[in-house]
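Next comes run-v4.pdb, a file with PDB, C-alpha atoms, pLDDT in the B column.
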```pdb
ATOM      1  CA  MET D 281      16.657 -33.982 -30.116  1.00 42.00           C
ATOM      2  CA  ALA D 282      19.824 -31.887 -29.748  1.00 46.00           C
ATOM      3  CA  ARG D 283      22.964 -32.802 -31.644  1.00 47.00           C
ATOM      4  CA  PRO D 284      25.610 -34.458 -29.496  1.00 47.00           C
ATOM      5  CA  ARG D 285      28.716 -32.322 -29.045  1.00 49.00           C
ATOM      6  CA  ILE D 286      32.223 -33.433 -28.398  1.00 54.00           C
ATOM      7  CA  GLU D 287      33.853 -30.806 -26.176  1.00 58.00           C
ATOM      8  CA  GLY D 288      32.371 -27.884 -28.066  1.00 74.00           C
ATOM      9  CA  LEU D 289      32.346 -29.360 -31.578  1.00 85.00           C
ATOM     10  CA  THR D 290      29.346 -30.626 -33.517  1.00 88.00           C
ATOM     11  CA  PRO D 291      29.652 -33.802 -35.631  1.00 89.00           C
ATOM     12  CA  ARG D 292      29.962 -31.652 -38.811  1.00 93.00           C
ATOM     13  CA  GLU D 293      32.727 -29.584 -37.217  1.00 93.00           C
ATOM     14  CA  ILE D 294      34.557 -32.763 -36.240  1.00 92.00           C
ATOM     15  CA  GLY D 295      34.387 -33.837 -39.899  1.00 94.00           C
ATOM     16  CA  ILE D 296      35.991 -30.541 -40.891  1.00 96.00           C
ATOM     17  CA  MET D 297      38.676 -30.976 -38.224  1.00 96.00           C
ATOM     18  CA  GLU D 298      39.456 -34.427 -39.663  1.00 95.00           C
ATOM     19  CA  VAL D 299      40.056 -32.839 -43.078  1.00 96.00           C
ATOM     20  CA  LEU D 300      42.273 -30.123 -41.573  1.00 97.00           C
ATOM     21  CA  TRP D 301      44.310 -32.649 -39.564  1.00 96.00           C
ATOM     22  CA  LYS D 302      44.885 -34.699 -42.732  1.00 96.00           C
ATOM     23  CA  LYS D 303      45.740 -31.760 -45.002  1.00 94.00           C
ATOM     24  CA  ASP D 304      47.445 -29.485 -42.445  1.00 89.00           C
ATOM     25  CA  GLU D 305      46.049 -26.458 -44.315  1.00 95.00           C
ATOM     26  CA  ALA D 306      43.028 -26.264 -46.597  1.00 96.00           C
ATOM     27  CA  SER D 307      40.804 -23.923 -48.565  1.00 96.00           C
ATOM     28  CA  VAL D 308      37.012 -24.149 -48.402  1.00 96.00           C
ATOM     29  CA  GLN D 309      37.132 -26.177 -51.628  1.00 95.00           C
ATOM     30  CA  ASP D 310      39.725 -28.561 -50.130  1.00 96.00           C
ATOM     31  CA  VAL D 311      37.490 -29.062 -47.086  1.00 96.00           C
ATOM     32  CA  GLN D 312      34.479 -29.677 -49.314  1.00 95.00           C
ATOM     33  CA  GLU D 313      36.382 -32.327 -51.289  1.00 94.00           C
ATOM     34  CA  GLY D 314      37.596 -34.005 -48.088  1.00 95.00           C
ATOM     35  CA  LEU D 315      34.171 -34.368 -46.463  1.00 94.00           C
ATOM     36  CA  SER D 316      32.177 -37.577 -46.840  1.00 89.00           C
ATOM     37  CA  ASP D 317      28.933 -35.633 -47.369  1.00 87.00           C
ATOM     38  CA  ARG D 318      28.555 -32.692 -49.715  1.00 85.00           C
ATOM     39  CA  LEU D 319      28.038 -29.260 -48.206  1.00 90.00           C
ATOM     40  CA  VAL D 320      27.780 -26.023 -50.146  1.00 93.00           C
ATOM     41  CA  ASP D 321      30.695 -23.585 -49.947  1.00 92.00           C
ATOM     42  CA  SER D 322      28.783 -21.033 -47.889  1.00 95.00           C
ATOM     43  CA  THR D 323      27.923 -23.629 -45.231  1.00 95.00           C
ATOM     44  CA  ILE D 324      31.543 -24.719 -44.948  1.00 96.00           C
ATOM     45  CA  ARG D 325      32.694 -21.104 -44.803  1.00 96.00           C
ATOM     46  CA  THR D 326      30.197 -20.356 -42.021  1.00 96.00           C
ATOM     47  CA  LEU D 327      31.219 -23.435 -40.035  1.00 96.00           C
ATOM     48  CA  LEU D 328      34.899 -22.527 -40.371  1.00 97.00           C
ATOM     49  CA  GLN D 329      34.192 -18.993 -39.143  1.00 95.00           C
ATOM     50  CA  ILE D 330      32.306 -20.365 -36.134  1.00 94.00           C
ATOM     51  CA  MET D 331      35.141 -22.808 -35.417  1.00 94.00           C
ATOM     52  CA  GLU D 332      37.643 -19.968 -35.653  1.00 94.00           C
ATOM     53  CA  LYS D 333      35.656 -17.975 -33.076  1.00 92.00           C
ATOM     54  CA  LYS D 334      35.660 -21.048 -30.815  1.00 90.00           C
ATOM     55  CA  GLY D 335      39.452 -21.219 -31.164  1.00 90.00           C
ATOM     56  CA  TYR D 336      39.633 -24.564 -32.980  1.00 93.00           C
ATOM     57  CA  VAL D 337      40.676 -23.155 -36.379  1.00 95.00           C
ATOM     58  CA  SER D 338      42.954 -20.373 -37.572  1.00 96.00           C
ATOM     59  CA  SER D 339      43.027 -18.778 -40.998  1.00 97.00           C
ATOM     60  CA  ARG D 340      45.213 -16.683 -43.231  1.00 96.00           C
ATOM     61  CA  LYS D 341      44.514 -14.879 -46.480  1.00 95.00           C
ATOM     62  CA  GLU D 342      46.062 -16.244 -49.676  1.00 92.00           C
ATOM     63  CA  GLY D 343      45.041 -14.098 -52.613  1.00 92.00           C
ATOM     64  CA  ARG D 344      41.255 -13.964 -52.538  1.00 91.00           C
ATOM     65  CA  ALA D 345      40.892 -17.209 -50.600  1.00 90.00           C
ATOM     66  CA  ASN D 346      41.241 -18.011 -46.939  1.00 95.00           C
ATOM     67  CA  MET D 347      43.413 -20.938 -45.947  1.00 97.00           C
ATOM     68  CA  TYR D 348      42.395 -22.756 -42.774  1.00 98.00           C
ATOM     69  CA  ARG D 349      44.304 -24.944 -40.368  1.00 96.00           C
ATOM     70  CA  SER D 350      43.572 -26.639 -37.088  1.00 95.00           C
ATOM     71  CA  ALA D 351      44.514 -24.563 -34.049  1.00 94.00           C
ATOM     72  CA  ILE D 352      44.425 -27.649 -31.814  1.00 91.00           C
ATOM     73  CA  ASP D 353      46.133 -30.952 -32.472  1.00 90.00           C
ATOM     74  CA  ARG D 354      44.248 -34.238 -32.632  1.00 92.00           C
ATOM     75  CA  GLY D 355      45.855 -35.636 -29.475  1.00 92.00           C
ATOM     76  CA  LYS D 356      44.901 -32.627 -27.380  1.00 89.00           C
ATOM     77  CA  MET D 357      41.339 -32.776 -28.739  1.00 88.00           C
ATOM     78  CA  GLN D 358      41.100 -36.506 -27.986  1.00 89.00           C
ATOM     79  CA  LYS D 359      42.402 -35.985 -24.456  1.00 90.00           C
ATOM     80  CA  SER D 360      39.924 -33.173 -23.814  1.00 86.00           C
ATOM     81  CA  ALA D 361      36.958 -35.063 -25.290  1.00 86.00           C
ATOM     82  CA  LEU D 362      37.803 -38.227 -23.371  1.00 90.00           C
ATOM     83  CA  SER D 363      38.167 -36.354 -20.095  1.00 91.00           C
ATOM     84  CA  HIS D 364      34.855 -34.618 -20.741  1.00 88.00           C
ATOM     85  CA  MET D 365      33.134 -37.930 -21.498  1.00 89.00           C
ATOM     86  CA  ILE D 366      34.579 -39.726 -18.451  1.00 93.00           C
ATOM     87  CA  ASN D 367      33.540 -36.909 -16.139  1.00 93.00           C
ATOM     88  CA  ARG D 368      30.049 -36.350 -17.555  1.00 91.00           C
ATOM     89  CA  ILE D 369      28.905 -39.779 -18.679  1.00 93.00           C
ATOM     90  CA  PHE D 370      30.909 -42.175 -16.494  1.00 95.00           C
ATOM     91  CA  ALA D 371      30.828 -40.171 -13.226  1.00 95.00           C
ATOM     92  CA  GLY D 372      34.591 -39.597 -13.355  1.00 95.00           C
ATOM     93  CA  SER D 373      35.396 -43.317 -13.562  1.00 96.00           C
ATOM     94  CA  PRO D 374      37.777 -44.451 -16.316  1.00 92.00           C
ATOM     95  CA  GLU D 375      37.149 -47.989 -15.055  1.00 92.00           C
ATOM     96  CA  ALA D 376      33.433 -47.632 -15.895  1.00 95.00           C
ATOM     97  CA  LEU D 377      34.345 -46.478 -19.418  1.00 93.00           C
ATOM     98  CA  LEU D 378      36.713 -49.410 -19.953  1.00 89.00           C
ATOM     99  CA  ALA D 379      34.173 -51.869 -18.506  1.00 91.00           C
ATOM    100  CA  ARG D 380      31.511 -50.551 -20.891  1.00 93.00           C
ATOM    101  CA  MET D 381      33.895 -50.900 -23.822  1.00 91.00           C
ATOM    102  CA  VAL D 382      34.670 -54.509 -22.860  1.00 89.00           C
ATOM    103  CA  GLU D 383      30.984 -55.350 -22.301  1.00 91.00           C
ATOM    104  CA  ASP D 384      30.029 -53.880 -25.678  1.00 91.00           C
ATOM    105  CA  GLU D 385      32.908 -55.757 -27.364  1.00 88.00           C
ATOM    106  CA  HIS D 386      34.742 -52.619 -28.492  1.00 89.00           C
ATOM    107  CA  VAL D 387      37.851 -53.947 -26.759  1.00 88.00           C
ATOM    108  CA  ASP D 388      39.236 -57.450 -27.206  1.00 88.00           C
ATOM    109  CA  GLN D 389      41.974 -59.370 -25.406  1.00 90.00           C
ATOM    110  CA  LYS D 390      44.648 -58.032 -27.754  1.00 93.00           C
ATOM    111  CA  ASP D 391      43.597 -54.447 -26.928  1.00 91.00           C
ATOM    112  CA  LEU D 392      43.607 -55.211 -23.206  1.00 88.00           C
ATOM    113  CA  ASP D 393      47.102 -56.694 -23.482  1.00 92.00           C
ATOM    114  CA  ARG D 394      48.346 -53.475 -25.118  1.00 93.00           C
ATOM    115  CA  VAL D 395      46.716 -51.384 -22.380  1.00 89.00           C
ATOM    116  CA  ARG D 396      48.267 -53.632 -19.720  1.00 91.00           C
ATOM    117  CA  LYS D 397      51.691 -53.155 -21.343  1.00 95.00           C
ATOM    118  CA  LEU D 398      51.212 -49.364 -21.412  1.00 92.00           C
ATOM    119  CA  LEU D 399      50.269 -49.379 -17.726  1.00 91.00           C
ATOM    120  CA  GLN D 400      53.333 -51.462 -16.833  1.00 94.00           C
ATOM    121  CA  GLU D 401      55.586 -49.044 -18.749  1.00 94.00           C
ATOM    122  CA  ARG D 402      54.222 -46.114 -16.723  1.00 88.00           C
TER     123      ARG D 402
END
```
For the structure just supplied, provide its representation as structure tokens.
Amino acid sequence: MARPRIEGLTPREIGIMEVLWKKDEASVQDVQEGLSDRLVDSTIRTLLQIMEKKGYVSSRKEGRANMYRSAIDRGKMQKSALSHMINRIFAGSPEALLARMVEDEHVDQKDLDRVRKLLQER
């Protein structure tokens, strides 16, 4: 079975992005220390190079090491991934997504009240 992707990123790449968003800039070793599962340096280096080619990461040389940072902010990534999911999985219906979240108990009354307040403010 193929790995699910979130708007061009694999689950491992998303884990790396999480580290970069937290640290702002990181070496391969910093990324390795920030991941929940252990990956060897060469794997992390390869993933970062792939992510750089995709445009999600940028790098600069610092001595002998490369320092990496996210080239896309978390909010923009979330917006893109959510739009992608609504269009592909929920046939373009945000209502269907919200209904599913309520049915599966991912959203409670407190959450709905906050969403209602946000909608009223718009």
**Message:** Just want the 7 Å neighbourhood of Val308 of chain D, counted on only C-alpha atoms, with same-chain residues fewer than 3 positions away dropped. Output as a PyMOL selection string.
**Reply:** chain D and resi 311-312+321+324-325
Written file, previous selection with C-alpha atoms, as an mmCIF file, in the coordinates of the input:
```
data_model
loop_
_atom_site.group_PDB
_atom_site.id
_atom_site.type_symbol
_atom_site.label_atom_id
_atom_site.label_comp_id
_atom_site.auth_asym_id
_atom_site.auth_seq_id
_atom_site.Cartn_x
_atom_site.Cartn_y
_atom_site.Cartn_z
ATOM 1 C CA VAL D 311 37.490 -29.062 -47.086
ATOM 2 C CA GLN D 312 34.479 -29.677 -49.314
ATOM 3 C CA ASP D 321 30.695 -23.585 -49.947
ATOM 4 C CA ILE D 324 31.543 -24.719 -44.948
ATOM 5 C CA ARG D 325 32.694 -21.104 -44.803
#
```
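Of the listed residues (D:Pro374, D:Gly288, D:Gly335, D:Gly295), D:Gly335 comes nearest to Ala351 of chain D; the distances count only C-alpha atoms.
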**Message:** Taking (35.7, -47.7, -18.3) in the coordinates of the supplied file, I want to know which residues reach to within 12 Å of it, counting all atoms listed in the file; could you give the answer as an NGL selection string?
**Reply:** :D and (362-363 or 365-367 or 369-384 or 386-387 or 392)
**Message:** Can you tell me which residues surround Ser307 of chain D at a distance of at most 12 Å, considering all atoms listed in the file, apart from same-chain residues fewer than 4 positions away, and format the answer as a PyMOL selection string?
**Reply:** chain D and resi 296+299-300+303+311-314+321+324-325+328+338-349
Now that the selection is made, can you save its residues with C-alpha atoms as a short mmCIF file (atom, residue, chain, number, x, y, z; two decimals), keeping the file's coordinate frame?
```
data_model
loop_
_atom_site.label_atom_id
_atom_site.label_comp_id
_atom_site.auth_asym_id
_atom_site.auth_seq_id
_atom_site.Cartn_x
_atom_site.Cartn_y
_atom_site.Cartn_z
CA ILE D 296 35.99 -30.54 -40.89
CA VAL D 299 40.06 -32.84 -43.08
CA LEU D 300 42.27 -30.12 -41.57
CA LYS D 303 45.74 -31.76 -45.00
CA VAL D 311 37.49 -29.06 -47.09
CA GLN D 312 34.48 -29.68 -49.31
CA GLU D 313 36.38 -32.33 -51.29
CA GLY D 314 37.60 -34.01 -48.09
CA ASP D 321 30.70 -23.58 -49.95
CA ILE D 324 31.54 -24.72 -44.95
CA ARG D 325 32.69 -21.10 -44.80
CA LEU D 328 34.90 -22.53 -40.37
CA SER D 338 42.95 -20.37 -37.57
CA SER D 339 43.03 -18.78 -41.00
CA ARG D 340 45.21 -16.68 -43.23
CA LYS D 341 44.51 -14.88 -46.48
CA GLU D 342 46.06 -16.24 -49.68
CA GLY D 343 45.04 -14.10 -52.61
CA ARG D 344 41.26 -13.96 -52.54
CA ALA D 345 40.89 -17.21 -50.60
CA ASN D 346 41.24 -18.01 -46.94
CA MET D 347 43.41 -20.94 -45.95
CA TYR D 348 42.40 -22.76 -42.77
CA ARG D 349 44.30 -24.94 -40.37
#
```
**Item:** Matched chain/residue IDs from the PyMOL selection byres ((chain D and resi 352) around 12), as a count of residues only
**Value:** 24
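Between atom CA of Asp310 of chain D and atom CA of Arg292 of chain D the interatomic distance comes to 15.3 Å.
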**Request:** Grab the atom CA of Lys333 of chain D to atom CA of Ser316 of chain D distance for me, in Å with one decimal place.
**Result:** 24.2 Å
Atoms added to segment 333-354 of chain D (N, CA, C and O atoms), reported as a compact mmCIF listing (two decimals), keeping the file's coordinate frame:
```txt
# COMPACT_ATOMS: atom_id res chain seq x y z
N LYS D 333 36.07 -18.73 -34.27
CA LYS D 333 35.66 -17.98 -33.08
C LYS D 333 35.78 -18.82 -31.82
O LYS D 333 36.08 -18.32 -30.74
N LYS D 334 35.54 -20.13 -31.95
CA LYS D 334 35.66 -21.05 -30.82
C LYS D 334 37.12 -21.34 -30.48
O LYS D 334 37.42 -21.89 -29.43
N GLY D 335 38.03 -20.99 -31.40
CA GLY D 335 39.45 -21.22 -31.16
C GLY D 335 39.99 -22.55 -31.67
O GLY D 335 41.13 -22.91 -31.40
N TYR D 336 39.20 -23.27 -32.46
CA TYR D 336 39.63 -24.56 -32.98
C TYR D 336 40.34 -24.46 -34.32
O TYR D 336 41.04 -25.37 -34.73
N VAL D 337 40.15 -23.34 -35.03
CA VAL D 337 40.68 -23.16 -36.38
C VAL D 337 41.31 -21.77 -36.47
O VAL D 337 40.85 -20.83 -35.84
N SER D 338 42.37 -21.68 -37.26
CA SER D 338 42.95 -20.37 -37.57
C SER D 338 42.96 -20.23 -39.09
O SER D 338 42.88 -21.22 -39.81
N SER D 339 43.04 -18.99 -39.55
CA SER D 339 43.03 -18.78 -41.00
C SER D 339 44.03 -17.70 -41.38
O SER D 339 44.46 -16.91 -40.56
N ARG D 340 44.37 -17.73 -42.65
CA ARG D 340 45.21 -16.68 -43.23
C ARG D 340 44.71 -16.45 -44.65
O ARG D 340 44.13 -17.34 -45.27
N LYS D 341 44.95 -15.26 -45.13
CA LYS D 341 44.51 -14.88 -46.48
C LYS D 341 45.59 -15.30 -47.48
O LYS D 341 46.77 -15.07 -47.26
N GLU D 342 45.16 -15.91 -48.57
CA GLU D 342 46.06 -16.24 -49.68
C GLU D 342 45.36 -15.81 -50.96
O GLU D 342 44.48 -16.51 -51.44
N GLY D 343 45.75 -14.66 -51.46
CA GLY D 343 45.04 -14.10 -52.61
C GLY D 343 43.63 -13.72 -52.18
O GLY D 343 43.44 -13.04 -51.19
N ARG D 344 42.66 -14.24 -52.89
CA ARG D 344 41.26 -13.96 -52.54
C ARG D 344 40.68 -15.01 -51.60
O ARG D 344 39.59 -14.84 -51.06
N ALA D 345 41.41 -16.10 -51.41
CA ALA D 345 40.89 -17.21 -50.60
C ALA D 345 41.46 -17.19 -49.19
O ALA D 345 42.55 -16.65 -48.95
N ASN D 346 40.73 -17.77 -48.28
CA ASN D 346 41.24 -18.01 -46.94
C ASN D 346 41.76 -19.44 -46.87
O ASN D 346 41.14 -20.36 -47.42
N MET D 347 42.87 -19.61 -46.19
CA MET D 347 43.41 -20.94 -45.95
C MET D 347 43.24 -21.22 -44.46
O MET D 347 43.55 -20.37 -43.63
N TYR D 348 42.72 -22.41 -44.15
CA TYR D 348 42.40 -22.76 -42.77
C TYR D 348 43.28 -23.89 -42.29
O TYR D 348 43.67 -24.76 -43.06
N ARG D 349 43.56 -23.85 -40.99
CA ARG D 349 44.30 -24.94 -40.37
C ARG D 349 43.78 -25.14 -38.96
O ARG D 349 43.22 -24.24 -38.36
N SER D 350 44.00 -26.33 -38.45
CA SER D 350 43.57 -26.64 -37.09
C SER D 350 44.43 -25.85 -36.11
O SER D 350 45.64 -25.75 -36.27
N ALA D 351 43.79 -25.28 -35.10
CA ALA D 351 44.51 -24.56 -34.05
C ALA D 351 44.73 -25.46 -32.83
O ALA D 351 45.31 -25.02 -31.84
N ILE D 352 44.27 -26.70 -32.90
CA ILE D 352 44.42 -27.65 -31.81
C ILE D 352 44.76 -29.00 -32.42
O ILE D 352 44.15 -29.42 -33.41
N ASP D 353 45.76 -29.67 -31.87
CA ASP D 353 46.13 -30.95 -32.47
C ASP D 353 45.17 -32.06 -32.05
O ASP D 353 44.46 -31.96 -31.06
N ARG D 354 45.17 -33.11 -32.83
CA ARG D 354 44.25 -34.24 -32.63
C ARG D 354 44.40 -34.84 -31.24
O ARG D 354 43.41 -35.13 -30.56
```
